[in-house]
Amino acid sequence: MVTTSPLLWLLVGLPLLGSAILLLAGRRADAWGHWLGTGAAAASFVLGVAQVMSLASKPADSRTFIDNVYNLVSVGSLHVDVAFRLDQLSAVFVLLITGVGSLIHVYSIGYMAHDPGRRRFFGYLNLFVAAMLVLVLADNYVLLYVGWEGVGLASYLLIGYWYHKPTAATAAKKAFIMNRVGDVGLALAIFLMFQQFGKVDFTGVFSAVGVPGASNVAHGVVTALGLLLLLGACGKSAQLPLQAWLADAMEGPTPVSALIHAATMVTAGVYLVARSNPIFNLSEGARMVVAIVGAATLLYGAIIGTAYDDIKKVLASSTMSQIGYMMLGVGLGPVGYAFGIIHLLAHGFFKAGLFLGAGSVMHAMNDDVDMRRYGALRKVMPWTFGTFALGYLALIGVPPFSGFFTKDKIIEAAFVKGGTSGVIFGVIALFGVVLTAFYMTRLMLMTFFGEKRWADGVHPHEAPTVMVWPKVVLAFGSVAGGFLLIHVIHVQTWLEPVLGTPAEGKPVLSTIVLTVIGLLAIAGGAGAAYMLFGRRAIPVTAPAAGVLVGATRQQLYADSFNEGVFMRPGQYLTRALVYADNRGIDGGVNGIAAFFGGTSGRLRRLQTGFVRSYALSVFAGAVVITAALLLVRVA
């Protein structure tokens, strides 16, 4: 049963209004703009909590609020409304986006305190939060696409915020273009939905698709829909093969990395797959591709994270890998949908905390991101070290921290799936645990332990209080979030009306055995990092790299592949087409024009204006005609 709620539009409207004021008010808002932006995000969070509590008070089958604002398109059989839907799935995303987003706004007050464009920065943050809320609250795919593109625009503005830096401007364009590739997939999926069903709203599309075993739509159409939706998800969530933009996006301010690349934007693809679960339930092939993409990305992200010396790029690689776990979870179908979302929620807390901790380190080290020039920072930055360490333990999955409860559930779901594919996915996920423990322990050792390696003139210090407290709150989520989500709040039960009841199954390996193997994997990865980086001096300059390390530092040559396969051929094709256009089409048109222009110019010379010349011409013409007639008669 659906309940009408007239307040959902306010969830979007508050940060959207804040963004409009901040971006249009000009310098008059410089003194108070950051407070307005933070207040708008916080007010949206408070309203979101109230709406979710009201939703929770309803019976399980009535937990859907709809706010139909107005009709956007009504042409023939196509009806698209600006309508917002708050149900069990969108509710958890609303709390994540507004809650973590508000904390990042508070942190940014201190982080951007001396930036002359702080008002503009907060305007962009508000715009991003509003667009992300449109995406997750949309009641149809067209409105979801509006939010999807809004998120892309806001991320472009935030990544390229320091546009005077060529690297930031290039990174923003790279993210924007690669996301457009995925957006084409989502747009084509929407076109296909309308062509097949005549509808684009969730209820209409899912009803038209049918239920497993009784579908009234061709299997190929469903599979095509699933694959097109996955293409869109790969772009936003930085999954293979559209992952190369994420590491470069670290050129934006660190709060941007925390908001976009840890807690919200990169989770949009996971949300899209989970929201479209009735489509994926009908196509085992599409689900298998989702799982393969997730498994490949979690491994890829973990591998490249082992070699970076840039603290933010290590965390970006970790984000890519952890989103891979989530995609693997939702790709497992009903057995893993809920656990993919639960890991997404827990990850939003501890990864945002880690990024904010990295920002505090950079703030103390004069914006230096090279971990080789850190060392021993735990002594001078105790609050940052403590909160960062809790996020580290949550990320690698040490019990009883968040990651232990959420990531292990995805690994267990892979083994529950059974069969060869389930075992392969489970083994890949366990190997990802080893690599995660390795690169995160390496980061901890290089940043907070050992001897100090910072340059003369650098004086590390603890961050201001306004930057510390958001990290403390996020650290609490790192410690208790996983346990609370699974064993207290029972999020998997909360999500069942939207994602379906998890399939019953018994894992190939028992839960206890999997837990022991997981802990051994963590110990192995952390131990290897300690042997390599904890027992010897870390060189300030990078040593000569071997083939494997060099390939890893080059993202396994992903950029080289994209440039060689897509960018260079595109450039050559463009140049060839321009040449053909200039020499062929334009050359032909211009040649004909030149012929007639030249001919007319020459003929114009005959028009002298003298009567005697015209009379002579007439006489000459008469002579020619007479001569011709005489010749004809003689012949």
# chains A, B, ... in the order shown; residues from 1 in each chain; ligands from 1

call {"tool": "closest_atom_pairs", "arguments": {"of": "stretch 245-295 of chain A", "to": "stretch 139-148 of chain A", "cutoff": "12 Å", "atoms": "only C-alpha atoms", "output": "JSON lines"}}
result
{"residue": "A:Thr264", "atom": "CA", "partner": "A:Trp148", "partner_atom": "CA", "distance": 11.7}
{"residue": "A:Met265", "atom": "CA", "partner": "A:Trp148", "partner_atom": "CA", "distance": 9.1}
{"residue": "A:Val266", "atom": "CA", "partner": "A:Trp148", "partner_atom": "CA", "distance": 11.3}
{"residue": "A:Thr267", "atom": "CA", "partner": "A:Trp148", "partner_atom": "CA", "distance": 11.6}
{"residue": "A:Ala268", "atom": "CA", "partner": "A:Trp148", "partner_atom": "CA", "distance": 8.2}
{"residue": "A:Gly269", "atom": "CA", "partner": "A:Trp148", "partner_atom": "CA", "distance": 9.8}
{"residue": "A:Tyr271", "atom": "CA", "partner": "A:Leu144", "partner_atom": "CA", "distance": 10.9}
{"residue": "A:Leu272", "atom": "CA", "partner": "A:Leu144", "partner_atom": "CA", "distance": 9.1}
{"residue": "A:Arg275", "atom": "CA", "partner": "A:Tyr141", "partner_atom": "CA", "distance": 10.3}
{"residue": "A:Ser276", "atom": "CA", "partner": "A:Tyr141", "partner_atom": "CA", "distance": 9.9}

call {"tool": "residues_around", "arguments": {"residues": "A:Ser54", "least_positions_apart": "2", "cutoff": "12 Å", "atoms": "only C-alpha atoms", "output": "NGL selection string"}}
result
:A and (3 or 5 or 7 or 47-52 or 56-59 or 62-65 or 86-88 or 91)

call {"tool": "residues_around", "arguments": {"residues": "A:Leu125", "least_positions_apart": "3", "cutoff": "12 Å", "atoms": "only C-alpha atoms", "output": "ChimeraX atom specification"}}
result
/A:15-16,18-20,22-23,33-34,36-38,40-41,97-98,101-106,108-109,118-122,128-132,150-151,153-159,161,253,255-260,264

call {"tool": "write_last_selection", "arguments": {"atoms": "C-alpha atoms", "output": "CSV table (one decimal), in the first residue's frame"}}
result
chain,number,residue,atom,x,y,z
A,15,PRO,CA,20.0,21.6,-0.5
A,16,LEU,CA,18.9,22.7,-4.0
A,18,GLY,CA,21.0,26.4,-0.6
A,19,SER,CA,23.0,25.8,-3.8
A,20,ALA,CA,21.0,28.3,-5.8
A,22,LEU,CA,25.2,30.3,-2.7
A,23,LEU,CA,25.9,30.3,-6.5
A,33,GLY,CA,27.8,30.9,2.8
A,34,HIS,CA,29.5,27.9,4.4
A,36,LEU,CA,24.0,28.2,4.9
A,37,GLY,CA,25.4,25.2,2.9
A,38,THR,CA,26.0,23.2,6.1
A,40,ALA,CA,20.8,23.1,4.3
A,41,ALA,CA,22.4,19.7,4.3
A,97,ILE,CA,23.6,10.8,1.7
A,98,THR,CA,22.3,13.5,4.1
A,101,GLY,CA,27.1,14.6,3.6
A,102,SER,CA,26.3,16.9,6.6
A,103,LEU,CA,29.4,15.7,8.4
A,104,ILE,CA,31.5,16.4,5.4
A,105,HIS,CA,30.0,19.9,5.2
A,106,VAL,CA,31.0,20.5,8.8
A,108,SER,CA,34.8,21.4,5.0
A,109,ILE,CA,34.2,24.6,7.1
A,118,ARG,CA,34.6,28.6,-0.2
A,119,ARG,CA,31.1,29.9,-0.9
A,120,ARG,CA,31.2,28.4,-4.4
A,121,PHE,CA,32.6,25.1,-3.0
A,122,PHE,CA,29.6,24.8,-0.6
A,128,PHE,CA,25.6,17.4,-5.4
A,129,VAL,CA,23.6,16.4,-2.4
A,130,ALA,CA,20.4,17.6,-4.1
A,131,ALA,CA,21.2,15.7,-7.3
A,132,MET,CA,22.0,12.5,-5.4
A,150,GLY,CA,23.0,16.2,-12.0
A,151,VAL,CA,25.4,14.1,-10.0
A,153,LEU,CA,27.6,17.7,-13.4
A,154,ALA,CA,28.2,18.4,-9.7
A,155,SER,CA,31.1,15.9,-9.7
A,156,TYR,CA,32.7,17.7,-12.7
A,157,LEU,CA,32.5,21.0,-10.9
A,158,LEU,CA,33.9,19.6,-7.6
A,159,ILE,CA,36.7,17.5,-9.1
A,161,TYR,CA,37.1,23.0,-8.3
A,253,PRO,CA,39.6,18.9,-2.5
A,255,PRO,CA,36.1,16.6,1.2
A,256,VAL,CA,35.0,16.0,-2.4
A,257,SER,CA,36.8,12.6,-2.3
A,258,ALA,CA,35.0,11.7,0.9
A,259,LEU,CA,31.6,12.8,-0.3
A,260,ILE,CA,31.7,11.6,-3.9
A,264,THR,CA,27.6,8.6,-2.4

call {"tool": "closest_atom_pairs", "arguments": {"of": "stretch 367-449 of chain A", "to": "stretch 298-315 of chain A", "cutoff": "10 Å", "atoms": "only C-alpha atoms", "output": "CSV"}}
result
residue,atom,partner,partner_atom,distance
A:Asp368,CA,A:Asp310,CA,8.8
A:Val369,CA,A:Asp310,CA,5.2
A:Asp370,CA,A:Asp310,CA,4.8
A:Met371,CA,A:Asp309,CA,5.5
A:Arg372,CA,A:Asp309,CA,6.7
A:Arg373,CA,A:Asp309,CA,9.6
A:Ile428,CA,A:Leu299,CA,7.1
A:Ala429,CA,A:Leu298,CA,7.6
A:Leu430,CA,A:Leu299,CA,9.9
A:Phe431,CA,A:Leu299,CA,7.8
A:Gly432,CA,A:Leu299,CA,5.7
A:Val433,CA,A:Ala302,CA,8.7
A:Val434,CA,A:Ala302,CA,9.0
A:Leu435,CA,A:Ala302,CA,5.7
A:Thr436,CA,A:Ala302,CA,6.0
A:Ala437,CA,A:Ala302,CA,9.5
A:Phe438,CA,A:Thr306,CA,7.1
A:Tyr439,CA,A:Thr306,CA,4.7
A:Met440,CA,A:Val314,CA,8.0
A:Thr441,CA,A:Thr306,CA,9.9
A:Arg442,CA,A:Thr306,CA,8.0
A:Leu443,CA,A:Ile311,CA,7.1
A:Met444,CA,A:Ile311,CA,9.8
A:Met446,CA,A:Asp309,CA,9.0
A:Thr447,CA,A:Ile311,CA,8.5

call {"tool": "write_last_selection", "arguments": {"atoms": "N, CA and C atoms", "output": "compact mmCIF listing (two decimals), in the first residue's frame"}}
result
# COMPACT_ATOMS: atom_id res chain seq x y z
N ASP A 368 50.97 17.98 1.06
CA ASP A 368 51.79 16.92 0.48
C ASP A 368 51.03 15.60 0.59
N VAL A 369 50.89 14.87 -0.52
CA VAL A 369 50.14 13.61 -0.51
C VAL A 369 51.06 12.39 -0.56
N ASP A 370 52.36 12.59 -0.60
CA ASP A 370 53.32 11.50 -0.75
C ASP A 370 53.62 10.88 0.61
N MET A 371 53.22 9.63 0.81
CA MET A 371 53.41 8.96 2.10
C MET A 371 54.88 8.73 2.42
N ARG A 372 55.73 8.75 1.43
CA ARG A 372 57.16 8.56 1.68
C ARG A 372 57.74 9.73 2.48
N ARG A 373 57.04 10.85 2.52
CA ARG A 373 57.51 12.02 3.26
C ARG A 373 56.68 12.25 4.51
N ILE A 428 38.18 -15.31 -5.03
CA ILE A 428 38.64 -13.98 -5.44
C ILE A 428 38.40 -12.97 -4.33
N ALA A 429 37.23 -13.06 -3.70
CA ALA A 429 36.92 -12.13 -2.62
C ALA A 429 37.87 -12.32 -1.44
N LEU A 430 38.23 -13.55 -1.13
CA LEU A 430 39.18 -13.81 -0.05
C LEU A 430 40.57 -13.29 -0.39
N PHE A 431 40.98 -13.45 -1.65
CA PHE A 431 42.28 -12.91 -2.05
C PHE A 431 42.26 -11.39 -1.98
N GLY A 432 41.10 -10.79 -2.28
CA GLY A 432 40.97 -9.35 -2.11
C GLY A 432 41.16 -8.92 -0.67
N VAL A 433 40.76 -9.76 0.27
CA VAL A 433 40.97 -9.47 1.69
C VAL A 433 42.46 -9.39 1.99
N VAL A 434 43.25 -10.33 1.44
CA VAL A 434 44.70 -10.32 1.64
C VAL A 434 45.30 -9.01 1.13
N LEU A 435 44.93 -8.63 -0.09
CA LEU A 435 45.49 -7.41 -0.68
C LEU A 435 45.04 -6.16 0.06
N THR A 436 43.78 -6.14 0.52
CA THR A 436 43.28 -5.00 1.27
C THR A 436 44.07 -4.81 2.56
N ALA A 437 44.30 -5.91 3.28
CA ALA A 437 45.08 -5.82 4.51
C ALA A 437 46.51 -5.36 4.22
N PHE A 438 47.05 -5.77 3.08
CA PHE A 438 48.42 -5.40 2.72
C PHE A 438 48.53 -3.90 2.45
N TYR A 439 47.70 -3.37 1.53
CA TYR A 439 47.91 -1.98 1.14
C TYR A 439 47.47 -1.01 2.23
N MET A 440 46.49 -1.38 3.04
CA MET A 440 46.09 -0.48 4.11
C MET A 440 47.09 -0.50 5.26
N THR A 441 47.67 -1.66 5.55
CA THR A 441 48.72 -1.71 6.57
C THR A 441 49.94 -0.94 6.09
N ARG A 442 50.28 -1.07 4.83
CA ARG A 442 51.37 -0.28 4.26
C ARG A 442 51.11 1.21 4.43
N LEU A 443 49.88 1.65 4.15
CA LEU A 443 49.52 3.06 4.32
C LEU A 443 49.70 3.49 5.78
N MET A 444 49.21 2.67 6.72
CA MET A 444 49.32 3.01 8.13
C MET A 444 50.78 3.12 8.56
N MET A 446 53.51 3.66 6.70
CA MET A 446 54.22 4.76 6.05
C MET A 446 53.78 6.12 6.58
N THR A 447 52.53 6.22 7.04
CA THR A 447 52.00 7.51 7.46
C THR A 447 52.20 7.78 8.95

call {"tool": "atom_distance", "arguments": {"atom1": "atom CA of A:Asp559", "atom2": "atom CA of A:Ala526"}}
result
29.3 Å

call {"tool": "select_by_dssp", "arguments": {"residues": "stretch 50-98 of chain A", "states": "alpha helix (DSSP H)", "output": "short mmCIF file (atom, residue, chain, number, x, y, z; two decimals) with N, CA, C and O atoms, in the first residue's frame"}}
result
data_model
loop_
_atom_site.label_atom_id
_atom_site.label_comp_id
_atom_site.auth_asym_id
_atom_site.auth_seq_id
_atom_site.Cartn_x
_atom_site.Cartn_y
_atom_site.Cartn_z
N ALA A 50 13.14 12.14 10.13
CA ALA A 50 11.72 12.18 10.48
C ALA A 50 10.88 11.36 9.51
O ALA A 50 9.98 10.60 9.91
N GLN A 51 11.17 11.47 8.22
CA GLN A 51 10.42 10.72 7.22
C GLN A 51 10.67 9.21 7.34
O GLN A 51 9.74 8.41 7.21
N VAL A 52 11.92 8.83 7.59
CA VAL A 52 12.23 7.40 7.72
C VAL A 52 11.59 6.83 8.98
O VAL A 52 11.09 5.70 8.98
N MET A 53 11.58 7.59 10.06
CA MET A 53 10.92 7.12 11.29
C MET A 53 9.42 6.96 11.06
O MET A 53 8.80 6.00 11.54
N SER A 54 8.84 7.89 10.32
CA SER A 54 7.41 7.76 9.99
C SER A 54 7.18 6.54 9.11
O SER A 54 6.18 5.82 9.28
N LEU A 55 8.09 6.30 8.19
CA LEU A 55 7.99 5.12 7.32
C LEU A 55 8.08 3.84 8.14
O LEU A 55 7.33 2.89 7.92
N ALA A 56 9.00 3.81 9.10
CA ALA A 56 9.20 2.61 9.92
C ALA A 56 7.99 2.31 10.80
O ALA A 56 7.78 1.15 11.20
N GLN A 88 11.88 1.27 1.57
CA GLN A 88 12.94 0.74 2.41
C GLN A 88 14.32 0.92 1.80
O GLN A 88 15.30 1.15 2.52
N LEU A 89 14.42 0.82 0.48
CA LEU A 89 15.72 0.96 -0.17
C LEU A 89 16.16 2.41 -0.23
O LEU A 89 17.29 2.75 0.15
N SER A 90 15.31 3.28 -0.73
CA SER A 90 15.70 4.69 -0.84
C SER A 90 15.90 5.32 0.54
O SER A 90 16.70 6.25 0.68
N ALA A 91 15.23 4.80 1.57
CA ALA A 91 15.36 5.37 2.91
C ALA A 91 16.79 5.27 3.43
O ALA A 91 17.33 6.23 3.98
N VAL A 92 17.41 4.11 3.24
CA VAL A 92 18.77 3.96 3.76
C VAL A 92 19.75 4.86 3.00
O VAL A 92 20.72 5.37 3.57
N PHE A 93 19.50 5.08 1.72
CA PHE A 93 20.36 5.96 0.95
C PHE A 93 20.16 7.42 1.35
O PHE A 93 21.12 8.20 1.38
N VAL A 94 18.92 7.80 1.65
CA VAL A 94 18.66 9.17 2.10
C VAL A 94 19.44 9.46 3.38
O VAL A 94 20.08 10.52 3.51
N LEU A 95 19.41 8.54 4.32
CA LEU A 95 20.13 8.75 5.58
C LEU A 95 21.63 8.79 5.35
O LEU A 95 22.34 9.60 5.96
N LEU A 96 22.14 7.94 4.47
CA LEU A 96 23.57 7.93 4.18
C LEU A 96 24.00 9.23 3.52
O LEU A 96 24.99 9.86 3.92
N ILE A 97 23.26 9.64 2.50
CA ILE A 97 23.64 10.83 1.74
C ILE A 97 23.59 12.09 2.60
O ILE A 97 24.53 12.89 2.62
N THR A 98 22.49 12.28 3.31
CA THR A 98 22.34 13.50 4.10
C THR A 98 23.16 13.45 5.39
O THR A 98 23.69 14.47 5.82
#

call {"tool": "residues_around", "arguments": {"residues": "A:Val491", "least_positions_apart": "2", "cutoff": "12 Å", "atoms": "only C-alpha atoms", "output": "number ranges by chain"}}
result
A: 56, 88-89, 91-92, 337-346, 406, 481-489, 493-499

call {"tool": "closest_residue", "arguments": {"among": "A:Gln555, A:Gly584, A:Thr4, A:Val458", "to": "A:Asp367", "atoms": "only C-alpha atoms"}}
result
A:Val458

call {"tool": "residues_around", "arguments": {"residues": "A:Trp9", "least_positions_apart": "6", "cutoff": "10 Å", "atoms": "only C-alpha atoms", "output": "MDAnalysis selection string"}}
result
chainID A and resid 66:69 82:85 133:134 137

call {"tool": "write_last_selection", "arguments": {"atoms": "C-alpha atoms", "output": "short mmCIF file (atom, residue, chain, number, x, y, z; two decimals), in the first residue's frame"}}
result
data_model
loop_
_atom_site.label_atom_id
_atom_site.label_comp_id
_atom_site.auth_asym_id
_atom_site.auth_seq_id
_atom_site.Cartn_x
_atom_site.Cartn_y
_atom_site.Cartn_z
CA ILE A 66 4.98 8.89 -2.78
CA ASP A 67 5.15 12.63 -3.41
CA ASN A 68 3.84 13.42 -6.91
CA VAL A 69 4.93 17.00 -7.49
CA VAL A 82 8.28 14.43 -11.09
CA ALA A 83 7.42 11.98 -8.34
CA PHE A 84 9.53 10.97 -5.37
CA ARG A 85 9.42 7.54 -3.72
CA LEU A 133 18.71 12.73 -3.51
CA VAL A 134 16.82 13.09 -6.80
CA LEU A 137 14.18 9.18 -4.47
#
